[in-house]
Amino acid sequence: MLKERYRLRKTKDIEAVVKRGRGASTGKIAVKLAKNGLKSSRFAFVAGIKVSKLAVKRNRLRRLMREAVRNHLKDIKPGYDVMIVAKKPLLGAALSEVESEIVRVFKTVKLL
């Protein structure tokens, strides 16, 4: 479980990331990030209805993404709000695949 201080939950904070953030994407994951001025980075995980109509599958994707980020928290630069969006090709992926995609896209945006 990702600790509370690493979670991005408020709608206004997520909208701020969408509005003023920069992003990158792979075929399976999209990331949008913006500076937040805090001592830690915060994360929001999105798996929309376009990924799957089944909530069970969307929730599993979000759990896998949270775990992948949690495994790399010590390597991630502090001071960013990050929104991670799953895409349909990620459906059914194992934790190792999700983790490698997140690491790849984080390196692209220089978050690692």
# chains A, B, ... in the order shown; residues from 1 in each chain; ligands from 1
>>> residues_around(residues="Val103 in chain A", least_positions_apart="6", cutoff="9 Å", atoms="only C-alpha atoms", output="PDB file with C-alpha atoms, in the first residue's frame")
ATOM      1  CA  ALA A  68       5.430  -0.713  -9.142  1.00  0.00           C
ATOM      2  CA  VAL A  69       5.739   2.900  -8.002  1.00  0.00           C
ATOM      3  CA  HIS A  72      10.857   2.588  -6.815  1.00  0.00           C
ATOM      4  CA  LEU A 112      14.198   8.644 -12.027  1.00  0.00           C
TER       5      LEU A 112
END
>>> residues_around(residues="range 22-38 of chain A", least_positions_apart="5", cutoff="9 Å", atoms="only C-alpha atoms", output="ChimeraX atom specification")
/A:16-17,78-91,98,101-102,104-106,108-109
>>> closest_residue(among="A:Arg62, A:Leu111, A:Arg5, A:Glu97", to="Ser40 in chain A", atoms="only C-alpha atoms")
A:Arg5
>>> residues_around(residues="Glu99 in chain A", least_positions_apart="6", cutoff="10 Å", atoms="only C-alpha atoms", output="PyMOL selection string")
chain A and resi 64-72+93
>>> select_by_dssp(residues="range 22-100 of chain A", states="helix (DSSP H, G or I)", output="number ranges by chain")
A: 55-71, 73-75, 88-90, 95-100
>>> write_last_selection(atoms="N, CA and C atoms", output="PDB file, in the first residue's frame")
ATOM      1  N   ALA A  55     -14.790  -3.455 -13.614  1.00  0.00           N
ATOM      2  CA  ALA A  55     -14.097  -2.744 -12.538  1.00  0.00           C
ATOM      3  C   ALA A  55     -12.986  -3.600 -11.927  1.00  0.00           C
ATOM      4  N   VAL A  56     -13.177  -4.897 -11.898  1.00  0.00           N
ATOM      5  CA  VAL A  56     -12.174  -5.796 -11.335  1.00  0.00           C
ATOM      6  C   VAL A  56     -10.845  -5.655 -12.076  1.00  0.00           C
ATOM      7  N   LYS A  57     -10.906  -5.596 -13.378  1.00  0.00           N
ATOM      8  CA  LYS A  57      -9.693  -5.484 -14.194  1.00  0.00           C
ATOM      9  C   LYS A  57      -9.039  -4.116 -14.037  1.00  0.00           C
ATOM     10  N   ARG A  58      -9.858  -3.068 -14.007  1.00  0.00           N
ATOM     11  CA  ARG A  58      -9.317  -1.714 -13.831  1.00  0.00           C
ATOM     12  C   ARG A  58      -8.654  -1.569 -12.464  1.00  0.00           C
ATOM     13  N   ASN A  59      -9.291  -2.110 -11.431  1.00  0.00           N
ATOM     14  CA  ASN A  59      -8.729  -2.026 -10.084  1.00  0.00           C
ATOM     15  C   ASN A  59      -7.420  -2.801  -9.979  1.00  0.00           C
ATOM     16  N   ARG A  60      -7.342  -3.940 -10.634  1.00  0.00           N
ATOM     17  CA  ARG A  60      -6.099  -4.716 -10.619  1.00  0.00           C
ATOM     18  C   ARG A  60      -4.967  -3.920 -11.274  1.00  0.00           C
ATOM     19  N   LEU A  61      -5.256  -3.265 -12.383  1.00  0.00           N
ATOM     20  CA  LEU A  61      -4.239  -2.434 -13.034  1.00  0.00           C
ATOM     21  C   LEU A  61      -3.752  -1.324 -12.105  1.00  0.00           C
ATOM     22  N   ARG A  62      -4.687  -0.676 -11.431  1.00  0.00           N
ATOM     23  CA  ARG A  62      -4.300   0.394 -10.497  1.00  0.00           C
ATOM     24  C   ARG A  62      -3.437  -0.157  -9.358  1.00  0.00           C
ATOM     25  N   ARG A  63      -3.792  -1.328  -8.839  1.00  0.00           N
ATOM     26  CA  ARG A  63      -2.990  -1.934  -7.768  1.00  0.00           C
ATOM     27  C   ARG A  63      -1.586  -2.277  -8.257  1.00  0.00           C
ATOM     28  N   LEU A  64      -1.488  -2.812  -9.456  1.00  0.00           N
ATOM     29  CA  LEU A  64      -0.173  -3.140 -10.016  1.00  0.00           C
ATOM     30  C   LEU A  64       0.672  -1.882 -10.217  1.00  0.00           C
ATOM     31  N   MET A  65       0.059  -0.814 -10.715  1.00  0.00           N
ATOM     32  CA  MET A  65       0.804   0.433 -10.918  1.00  0.00           C
ATOM     33  C   MET A  65       1.264   1.010  -9.579  1.00  0.00           C
ATOM     34  N   ARG A  66       0.394   0.965  -8.567  1.00  0.00           N
ATOM     35  CA  ARG A  66       0.767   1.458  -7.231  1.00  0.00           C
ATOM     36  C   ARG A  66       1.950   0.670  -6.673  1.00  0.00           C
ATOM     37  N   GLU A  67       1.913  -0.635  -6.816  1.00  0.00           N
ATOM     38  CA  GLU A  67       2.993  -1.477  -6.309  1.00  0.00           C
ATOM     39  C   GLU A  67       4.299  -1.197  -7.056  1.00  0.00           C
ATOM     40  N   ALA A  68       4.230  -1.015  -8.354  1.00  0.00           N
ATOM     41  CA  ALA A  68       5.430  -0.713  -9.142  1.00  0.00           C
ATOM     42  C   ALA A  68       6.053   0.608  -8.704  1.00  0.00           C
ATOM     43  N   VAL A  69       5.224   1.613  -8.460  1.00  0.00           N
ATOM     44  CA  VAL A  69       5.739   2.900  -8.002  1.00  0.00           C
ATOM     45  C   VAL A  69       6.304   2.762  -6.593  1.00  0.00           C
ATOM     46  N   ARG A  70       5.604   2.030  -5.736  1.00  0.00           N
ATOM     47  CA  ARG A  70       6.072   1.849  -4.360  1.00  0.00           C
ATOM     48  C   ARG A  70       7.459   1.200  -4.328  1.00  0.00           C
ATOM     49  N   ASN A  71       7.711   0.271  -5.230  1.00  0.00           N
ATOM     50  CA  ASN A  71       9.011  -0.402  -5.290  1.00  0.00           C
ATOM     51  C   ASN A  71      10.139   0.541  -5.698  1.00  0.00           C
ATOM     52  N   LEU A  73      10.094   4.084  -5.046  1.00  0.00           N
ATOM     53  CA  LEU A  73       9.940   5.393  -4.389  1.00  0.00           C
ATOM     54  C   LEU A  73      11.272   6.030  -4.029  1.00  0.00           C
ATOM     55  N   LYS A  74      12.228   5.238  -3.569  1.00  0.00           N
ATOM     56  CA  LYS A  74      13.512   5.808  -3.145  1.00  0.00           C
ATOM     57  C   LYS A  74      14.299   6.402  -4.319  1.00  0.00           C
ATOM     58  N   ASP A  75      13.996   5.963  -5.544  1.00  0.00           N
ATOM     59  CA  ASP A  75      14.713   6.438  -6.731  1.00  0.00           C
ATOM     60  C   ASP A  75      14.030   7.628  -7.412  1.00  0.00           C
ATOM     61  N   LYS A  88      -5.085   0.404 -22.768  1.00  0.00           N
ATOM     62  CA  LYS A  88      -5.657  -0.926 -22.990  1.00  0.00           C
ATOM     63  C   LYS A  88      -4.622  -2.045 -23.171  1.00  0.00           C
ATOM     64  N   PRO A  89      -3.497  -1.841 -23.884  1.00  0.00           N
ATOM     65  CA  PRO A  89      -2.528  -2.928 -24.050  1.00  0.00           C
ATOM     66  C   PRO A  89      -1.913  -3.432 -22.734  1.00  0.00           C
ATOM     67  N   LEU A  90      -2.036  -2.657 -21.654  1.00  0.00           N
ATOM     68  CA  LEU A  90      -1.481  -3.065 -20.367  1.00  0.00           C
ATOM     69  C   LEU A  90      -2.365  -4.094 -19.664  1.00  0.00           C
ATOM     70  N   LEU A  95       3.121  -7.933 -12.931  1.00  0.00           N
ATOM     71  CA  LEU A  95       3.751  -6.828 -12.201  1.00  0.00           C
ATOM     72  C   LEU A  95       5.085  -6.434 -12.826  1.00  0.00           C
ATOM     73  N   SER A  96       5.876  -7.397 -13.254  1.00  0.00           N
ATOM     74  CA  SER A  96       7.182  -7.087 -13.839  1.00  0.00           C
ATOM     75  C   SER A  96       7.051  -6.258 -15.108  1.00  0.00           C
ATOM     76  N   GLU A  97       6.061  -6.547 -15.921  1.00  0.00           N
ATOM     77  CA  GLU A  97       5.848  -5.778 -17.153  1.00  0.00           C
ATOM     78  C   GLU A  97       5.369  -4.362 -16.836  1.00  0.00           C
ATOM     79  N   VAL A  98       4.454  -4.239 -15.882  1.00  0.00           N
ATOM     80  CA  VAL A  98       3.961  -2.926 -15.478  1.00  0.00           C
ATOM     81  C   VAL A  98       5.110  -2.097 -14.910  1.00  0.00           C
ATOM     82  N   GLU A  99       5.924  -2.734 -14.094  1.00  0.00           N
ATOM     83  CA  GLU A  99       7.063  -2.048 -13.480  1.00  0.00           C
ATOM     84  C   GLU A  99       8.055  -1.563 -14.536  1.00  0.00           C
ATOM     85  N   SER A 100       8.362  -2.398 -15.519  1.00  0.00           N
ATOM     86  CA  SER A 100       9.314  -1.991 -16.562  1.00  0.00           C
ATOM     87  C   SER A 100       8.763  -0.844 -17.405  1.00  0.00           C
TER      88      SER A 100
END
>>> select_by_dssp(residues="range 10-67 of chain A", states="strand (DSSP E or B)", output="list of chain:residue names")
A:Arg22, A:Gly23, A:Ala24, A:Ser25, A:Ile29, A:Ala30, A:Val31, A:Lys32, A:Leu33, A:Ala34, A:Lys35, A:Arg42, A:Phe43, A:Ala44, A:Phe45, A:Val46
>>> closest_residue(among="A:Ala94, A:Lys107, A:Arg42, A:Glu15", to="Lys3 in chain A", atoms="only C-alpha atoms")
A:Arg42
>>> atom_distance(atom1="CA of Gly92 in chain A", atom2="CA of Lys53 in chain A")
13.7 Å
>>> atom_distance(atom1="CA of Met1 in chain A", atom2="CA of Phe43 in chain A")
12.5 Å
>>> atom_distance(atom1="CA of Arg9 in chain A", atom2="CA of Ser41 in chain A")
12.6 Å
